[in-house]
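Chemist: File name target39.txt; file contents compact mmCIF, N, CA and C atoms; full text below.
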```
# COMPACT_ATOMS: atom_id res chain seq x y z
N MET A 27 0.86 -1.16 0.00
CA MET A 27 0.00 0.00 0.00
C MET A 27 0.91 1.23 0.00
N LYS A 28 0.51 2.19 -0.81
CA LYS A 28 1.30 3.42 -0.93
C LYS A 28 0.36 4.63 -0.86
N THR A 29 0.96 5.79 -0.75
CA THR A 29 0.19 7.04 -0.72
C THR A 29 0.52 7.84 -1.97
N SER A 30 -0.53 8.32 -2.62
CA SER A 30 -0.34 9.10 -3.84
C SER A 30 0.26 10.46 -3.50
N GLY A 31 1.18 10.89 -4.34
CA GLY A 31 1.79 12.21 -4.19
C GLY A 31 1.45 13.12 -5.35
N THR A 32 0.48 12.73 -6.16
CA THR A 32 0.13 13.54 -7.33
C THR A 32 -0.78 14.69 -6.93
N ALA A 33 -0.84 15.71 -7.79
CA ALA A 33 -1.72 16.87 -7.54
C ALA A 33 -3.18 16.47 -7.67
N LYS A 34 -3.46 15.48 -8.53
CA LYS A 34 -4.84 15.05 -8.77
C LYS A 34 -5.39 14.24 -7.59
N ASN A 35 -4.55 13.42 -6.95
CA ASN A 35 -4.99 12.55 -5.84
C ASN A 35 -4.01 12.63 -4.66
N PRO A 36 -3.82 13.82 -4.08
CA PRO A 36 -2.84 13.94 -3.00
C PRO A 36 -3.28 13.18 -1.74
N GLY A 37 -2.39 12.36 -1.22
CA GLY A 37 -2.65 11.62 0.01
C GLY A 37 -3.58 10.43 -0.12
N ARG A 38 -4.01 10.15 -1.32
CA ARG A 38 -4.94 9.03 -1.53
C ARG A 38 -4.16 7.71 -1.51
N LEU A 39 -4.68 6.74 -0.75
CA LEU A 39 -4.01 5.45 -0.62
C LEU A 39 -4.32 4.56 -1.82
N PHE A 40 -3.34 3.75 -2.19
CA PHE A 40 -3.56 2.80 -3.27
C PHE A 40 -2.69 1.56 -3.06
N HIS A 41 -3.09 0.51 -3.73
CA HIS A 41 -2.32 -0.74 -3.73
C HIS A 41 -1.67 -0.82 -5.11
N ALA A 42 -0.40 -1.22 -5.12
CA ALA A 42 0.29 -1.31 -6.41
C ALA A 42 1.38 -2.37 -6.34
N CYS A 43 1.65 -2.94 -7.47
CA CYS A 43 2.76 -3.88 -7.60
C CYS A 43 4.06 -3.09 -7.45
N PRO A 44 4.98 -3.55 -6.64
CA PRO A 44 6.22 -2.80 -6.46
C PRO A 44 7.07 -2.70 -7.73
N TYR A 45 6.78 -3.54 -8.71
CA TYR A 45 7.57 -3.53 -9.94
C TYR A 45 6.92 -2.73 -11.07
N GLY A 46 5.75 -2.17 -10.81
CA GLY A 46 5.04 -1.44 -11.85
C GLY A 46 5.35 0.04 -11.83
N SER A 47 4.80 0.71 -12.83
CA SER A 47 4.93 2.17 -12.91
C SER A 47 3.66 2.71 -13.56
N GLU A 48 3.51 4.02 -13.60
CA GLU A 48 2.32 4.62 -14.21
C GLU A 48 2.21 4.28 -15.70
N LEU A 49 3.33 4.07 -16.34
CA LEU A 49 3.33 3.78 -17.77
C LEU A 49 2.98 2.32 -18.06
N GLU A 50 3.29 1.43 -17.14
CA GLU A 50 3.03 0.00 -17.35
C GLU A 50 1.65 -0.35 -16.81
N LYS A 51 0.74 -0.71 -17.68
CA LYS A 51 -0.63 -1.01 -17.29
C LYS A 51 -0.83 -2.48 -16.92
N TYR A 52 0.21 -3.30 -17.06
CA TYR A 52 0.07 -4.73 -16.80
C TYR A 52 0.34 -5.11 -15.35
N HIS A 53 0.79 -4.15 -14.55
CA HIS A 53 1.04 -4.41 -13.13
C HIS A 53 -0.17 -3.97 -12.32
N PHE A 54 -0.32 -4.59 -11.17
CA PHE A 54 -1.48 -4.33 -10.32
C PHE A 54 -1.49 -2.90 -9.80
N PHE A 55 -2.66 -2.25 -9.89
CA PHE A 55 -2.88 -0.93 -9.29
C PHE A 55 -4.36 -0.81 -8.95
N LYS A 56 -4.63 -0.39 -7.73
CA LYS A 56 -6.03 -0.18 -7.34
C LYS A 56 -6.08 0.82 -6.19
N TRP A 57 -7.01 1.76 -6.29
CA TRP A 57 -7.22 2.70 -5.19
C TRP A 57 -7.78 1.94 -3.99
N THR A 58 -7.27 2.25 -2.82
CA THR A 58 -7.68 1.54 -1.60
C THR A 58 -9.15 1.79 -1.29
N ASP A 59 -9.63 3.03 -1.44
CA ASP A 59 -11.03 3.30 -1.13
C ASP A 59 -11.97 2.55 -2.07
N VAL A 60 -11.61 2.42 -3.33
CA VAL A 60 -12.41 1.66 -4.29
C VAL A 60 -12.39 0.18 -3.91
N SER A 61 -11.23 -0.29 -3.55
CA SER A 61 -11.07 -1.68 -3.15
C SER A 61 -11.92 -1.99 -1.92
N MET A 62 -11.95 -1.09 -0.95
CA MET A 62 -12.74 -1.29 0.27
C MET A 62 -14.24 -1.35 -0.05
N VAL A 63 -14.70 -0.48 -0.92
CA VAL A 63 -16.12 -0.50 -1.31
C VAL A 63 -16.46 -1.84 -1.97
N GLU A 64 -15.58 -2.32 -2.84
CA GLU A 64 -15.81 -3.61 -3.49
C GLU A 64 -15.85 -4.74 -2.46
N GLU A 65 -14.94 -4.69 -1.48
CA GLU A 65 -14.92 -5.71 -0.43
C GLU A 65 -16.22 -5.68 0.37
N ILE A 66 -16.70 -4.50 0.69
CA ILE A 66 -17.95 -4.37 1.44
C ILE A 66 -19.12 -4.93 0.63
N GLU A 67 -19.17 -4.63 -0.65
CA GLU A 67 -20.24 -5.16 -1.51
C GLU A 67 -20.18 -6.68 -1.57
N ASP A 68 -18.98 -7.24 -1.67
CA ASP A 68 -18.83 -8.70 -1.67
C ASP A 68 -19.31 -9.28 -0.35
N MET A 69 -18.98 -8.63 0.75
CA MET A 69 -19.41 -9.11 2.07
C MET A 69 -20.94 -9.06 2.20
N LYS A 70 -21.56 -8.01 1.67
CA LYS A 70 -23.02 -7.90 1.72
C LYS A 70 -23.66 -9.09 0.99
N LYS A 71 -23.12 -9.44 -0.17
CA LYS A 71 -23.65 -10.58 -0.93
C LYS A 71 -23.50 -11.87 -0.14
N LYS A 72 -22.34 -12.04 0.48
CA LYS A 72 -22.11 -13.25 1.28
C LYS A 72 -23.05 -13.31 2.47
N ILE A 73 -23.28 -12.18 3.11
CA ILE A 73 -24.21 -12.12 4.25
C ILE A 73 -25.62 -12.45 3.80
N GLU A 74 -26.04 -11.91 2.67
CA GLU A 74 -27.38 -12.22 2.14
C GLU A 74 -27.52 -13.71 1.86
N ASN A 75 -26.49 -14.32 1.26
CA ASN A 75 -26.52 -15.76 0.98
C ASN A 75 -26.60 -16.56 2.28
N LEU A 76 -25.85 -16.14 3.29
CA LEU A 76 -25.89 -16.83 4.58
C LEU A 76 -27.28 -16.71 5.22
N GLU A 77 -27.90 -15.55 5.07
CA GLU A 77 -29.24 -15.33 5.62
C GLU A 77 -30.25 -16.27 4.95
N VAL A 78 -30.15 -16.42 3.64
CA VAL A 78 -31.03 -17.34 2.91
C VAL A 78 -30.80 -18.77 3.39
N GLN A 79 -29.55 -19.16 3.55
CA GLN A 79 -29.23 -20.50 4.03
C GLN A 79 -29.75 -20.70 5.45
N ARG A 80 -29.65 -19.68 6.30
CA ARG A 80 -30.14 -19.77 7.69
C ARG A 80 -31.65 -20.00 7.70
N ARG A 81 -32.37 -19.21 6.89
CA ARG A 81 -33.83 -19.37 6.83
C ARG A 81 -34.20 -20.77 6.35
N SER A 82 -33.50 -21.23 5.33
CA SER A 82 -33.76 -22.57 4.79
C SER A 82 -33.49 -23.63 5.86
N SER A 83 -32.40 -23.47 6.59
CA SER A 83 -32.07 -24.43 7.65
C SER A 83 -33.12 -24.42 8.75
N GLU A 84 -33.63 -23.24 9.09
CA GLU A 84 -34.67 -23.15 10.11
C GLU A 84 -35.94 -23.87 9.65
N GLU A 85 -36.26 -23.75 8.37
CA GLU A 85 -37.44 -24.44 7.83
C GLU A 85 -37.25 -25.95 7.92
N VAL A 86 -36.06 -26.42 7.57
CA VAL A 86 -35.78 -27.86 7.64
C VAL A 86 -35.87 -28.34 9.09
N ILE A 87 -35.30 -27.57 10.01
CA ILE A 87 -35.34 -27.95 11.43
C ILE A 87 -36.78 -28.00 11.92
N SER A 88 -37.58 -27.03 11.52
CA SER A 88 -38.99 -27.01 11.92
C SER A 88 -39.72 -28.25 11.40
N CYS A 89 -39.49 -28.60 10.14
CA CYS A 89 -40.12 -29.79 9.57
C CYS A 89 -39.68 -31.05 10.30
N LEU A 90 -38.40 -31.14 10.61
CA LEU A 90 -37.89 -32.31 11.33
C LEU A 90 -38.46 -32.39 12.74
N ALA A 91 -38.61 -31.24 13.39
CA ALA A 91 -39.20 -31.23 14.74
C ALA A 91 -40.65 -31.73 14.69
N LYS A 92 -41.41 -31.30 13.67
CA LYS A 92 -42.78 -31.78 13.52
C LYS A 92 -42.81 -33.28 13.27
N GLU A 93 -41.88 -33.76 12.45
CA GLU A 93 -41.81 -35.18 12.15
C GLU A 93 -41.48 -35.99 13.41
N ILE A 94 -40.58 -35.45 14.23
CA ILE A 94 -40.24 -36.12 15.49
C ILE A 94 -41.46 -36.20 16.40
N GLU A 95 -42.20 -35.11 16.48
CA GLU A 95 -43.41 -35.10 17.32
C GLU A 95 -44.43 -36.11 16.81
N THR A 96 -44.58 -36.20 15.48
CA THR A 96 -45.49 -37.17 14.90
C THR A 96 -45.05 -38.59 15.23
N MET A 97 -43.76 -38.84 15.13
CA MET A 97 -43.23 -40.18 15.42
C MET A 97 -43.41 -40.52 16.90
N LYS A 98 -43.23 -39.53 17.78
CA LYS A 98 -43.44 -39.76 19.21
C LYS A 98 -44.90 -40.13 19.47
N ALA A 99 -45.81 -39.39 18.85
CA ALA A 99 -47.24 -39.66 19.03
C ALA A 99 -47.59 -41.05 18.52
N GLU A 100 -47.04 -41.42 17.37
CA GLU A 100 -47.31 -42.74 16.82
C GLU A 100 -46.73 -43.84 17.70
N SER A 101 -45.55 -43.61 18.25
CA SER A 101 -44.94 -44.64 19.11
C SER A 101 -45.71 -44.78 20.42
N GLN A 102 -46.27 -43.69 20.93
CA GLN A 102 -47.08 -43.78 22.14
C GLN A 102 -48.37 -44.54 21.86
N GLY A 103 -48.92 -44.36 20.69
CA GLY A 103 -50.09 -45.13 20.29
C GLY A 103 -49.75 -46.60 20.19
N GLY A 104 -48.57 -46.91 19.69
CA GLY A 104 -48.11 -48.29 19.59
C GLY A 104 -47.91 -48.92 20.95
N GLU A 105 -47.49 -48.13 21.94
CA GLU A 105 -47.31 -48.64 23.30
C GLU A 105 -48.66 -49.03 23.89
N LYS A 106 -49.69 -48.25 23.60
CA LYS A 106 -51.02 -48.58 24.10
C LYS A 106 -51.49 -49.91 23.52
N GLU A 107 -51.29 -50.08 22.20
CA GLU A 107 -51.68 -51.34 21.55
C GLU A 107 -50.88 -52.50 22.11
N GLU A 108 -49.59 -52.26 22.40
CA GLU A 108 -48.75 -53.31 22.95
C GLU A 108 -49.24 -53.71 24.34
N ASN A 109 -49.61 -52.71 25.14
CA ASN A 109 -50.12 -53.00 26.49
C ASN A 109 -51.44 -53.76 26.42
N GLU A 110 -52.31 -53.39 25.48
CA GLU A 110 -53.56 -54.11 25.31
C GLU A 110 -53.29 -55.55 24.90
N GLY A 111 -52.30 -55.74 24.02
CA GLY A 111 -51.94 -57.09 23.60
C GLY A 111 -51.41 -57.91 24.76
N LYS A 112 -50.65 -57.31 25.66
CA LYS A 112 -50.12 -58.01 26.83
C LYS A 112 -51.26 -58.44 27.74
N GLU A 113 -52.29 -57.61 27.87
CA GLU A 113 -53.43 -57.97 28.69
C GLU A 113 -54.13 -59.20 28.11
N ILE A 114 -54.27 -59.25 26.79
CA ILE A 114 -54.90 -60.40 26.15
C ILE A 114 -54.04 -61.63 26.32
N VAL A 115 -52.74 -61.49 26.11
CA VAL A 115 -51.83 -62.63 26.26
C VAL A 115 -51.83 -63.10 27.70
N GLY A 116 -51.97 -62.17 28.64
CA GLY A 116 -52.04 -62.55 30.06
C GLY A 116 -53.22 -63.47 30.34
N ASP A 117 -54.28 -63.36 29.56
CA ASP A 117 -55.47 -64.20 29.75
C ASP A 117 -55.39 -65.48 28.93
N MET A 118 -54.28 -65.76 28.28
CA MET A 118 -54.15 -66.94 27.41
C MET A 118 -54.39 -68.26 28.14
N PRO A 119 -53.87 -68.46 29.37
CA PRO A 119 -54.14 -69.76 30.02
C PRO A 119 -55.63 -70.03 30.14
N PHE A 120 -56.41 -68.98 30.37
CA PHE A 120 -57.86 -69.15 30.45
C PHE A 120 -58.42 -69.65 29.12
N PHE A 121 -57.95 -69.02 28.01
CA PHE A 121 -58.42 -69.42 26.69
C PHE A 121 -57.99 -70.84 26.35
N LYS A 122 -56.77 -71.22 26.77
CA LYS A 122 -56.30 -72.58 26.51
C LYS A 122 -57.20 -73.59 27.22
N LYS A 123 -57.53 -73.29 28.47
CA LYS A 123 -58.39 -74.21 29.21
C LYS A 123 -59.77 -74.27 28.57
N LEU A 124 -60.27 -73.14 28.14
CA LEU A 124 -61.58 -73.08 27.53
C LEU A 124 -61.62 -73.92 26.25
N VAL A 125 -60.58 -73.80 25.42
CA VAL A 125 -60.53 -74.55 24.17
C VAL A 125 -60.39 -76.04 24.45
N CYS A 126 -59.56 -76.38 25.45
CA CYS A 126 -59.37 -77.79 25.79
C CYS A 126 -60.68 -78.39 26.28
N CYS A 127 -61.43 -77.66 27.09
CA CYS A 127 -62.70 -78.16 27.59
C CYS A 127 -63.71 -78.32 26.47
N PHE A 128 -63.69 -77.40 25.53
CA PHE A 128 -64.64 -77.44 24.45
C PHE A 128 -64.39 -78.65 23.56
N TRP A 129 -63.13 -78.99 23.30
CA TRP A 129 -62.82 -80.09 22.41
C TRP A 129 -62.92 -81.43 23.12
N ALA A 130 -62.93 -81.40 24.38
CA ALA A 130 -62.93 -82.68 25.10
C ALA A 130 -64.23 -83.39 25.09
```
I'd like the structure from this file rewritten - as structure tokens, please.
Modeler:
Amino acid sequence: MKTSGTAKNPGRLFHACPYGSELEKYHFFKWTDVSMVEEIEDMKKKIENLEVQRRSSEEVISCLAKEIETMKAESQGGEKEENEGKEIVGDMPFFKKLVCCFWA
């Protein structure tokens, strides 16, 4: 980074290739204030993209949370059916005796 000493841009900061000159256009030269504005614009775009990704991620998380709640509700319903089945199986000796008596 250097400071301009010209009458047109006195004290203005710039970035330049140490091997370049005003006559050589193939070496790097850029005003620092212009460069900073470009950097800020690039950062704004990146922030906007991150915001879109954040919103999308929140939507996915919300959908997954709903799916988890649905699965919990379904599994609790399955537990009730399992408990009812255990009650029936608990009465199996009675049914076995009943069937044996009927066939006898």
Chemist: For His41 of chain A, work out the shell of residues within 6 Å, counting only C-alpha atoms and skipping chain neighbours fewer than 4 positions away, then give it as a list in words.
Modeler: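 Everything that qualifies: Met27, Phe55 and Lys56 of chain A.
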Chemist: Just to confirm, what's the straight-line distance from atom CA of Ser88 of chain A to atom CA of Ile73 of chain A in Å (one decimal)?
Modeler: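 Interatomic distance, atom CA of Ser88 of chain A to atom CA of Ile73 of chain A: 22.3 Å.
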Chemist: Can you work out the spacing between atom N of Lys34 of chain A and atom CA of Asp68 of chain A in Å, to one decimal?
Modeler: 29.5 Å
Chemist: To one decimal place in Å, what is the distance between atom CA of Glu64 of chain A and atom CA of Leu49 of chain A?
Modeler: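 Here the two named atoms are 25.0 Å from each other.
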Chemist: Could you tell me which of A:Ser61, A:Lys98, A:His53, A:Leu90 comes closest to Leu39 of chain A if we count only C-alpha atoms?
Modeler: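 Looking only at the distances to Leu39 of chain A, the closest residue turns out to be A:Ser61.
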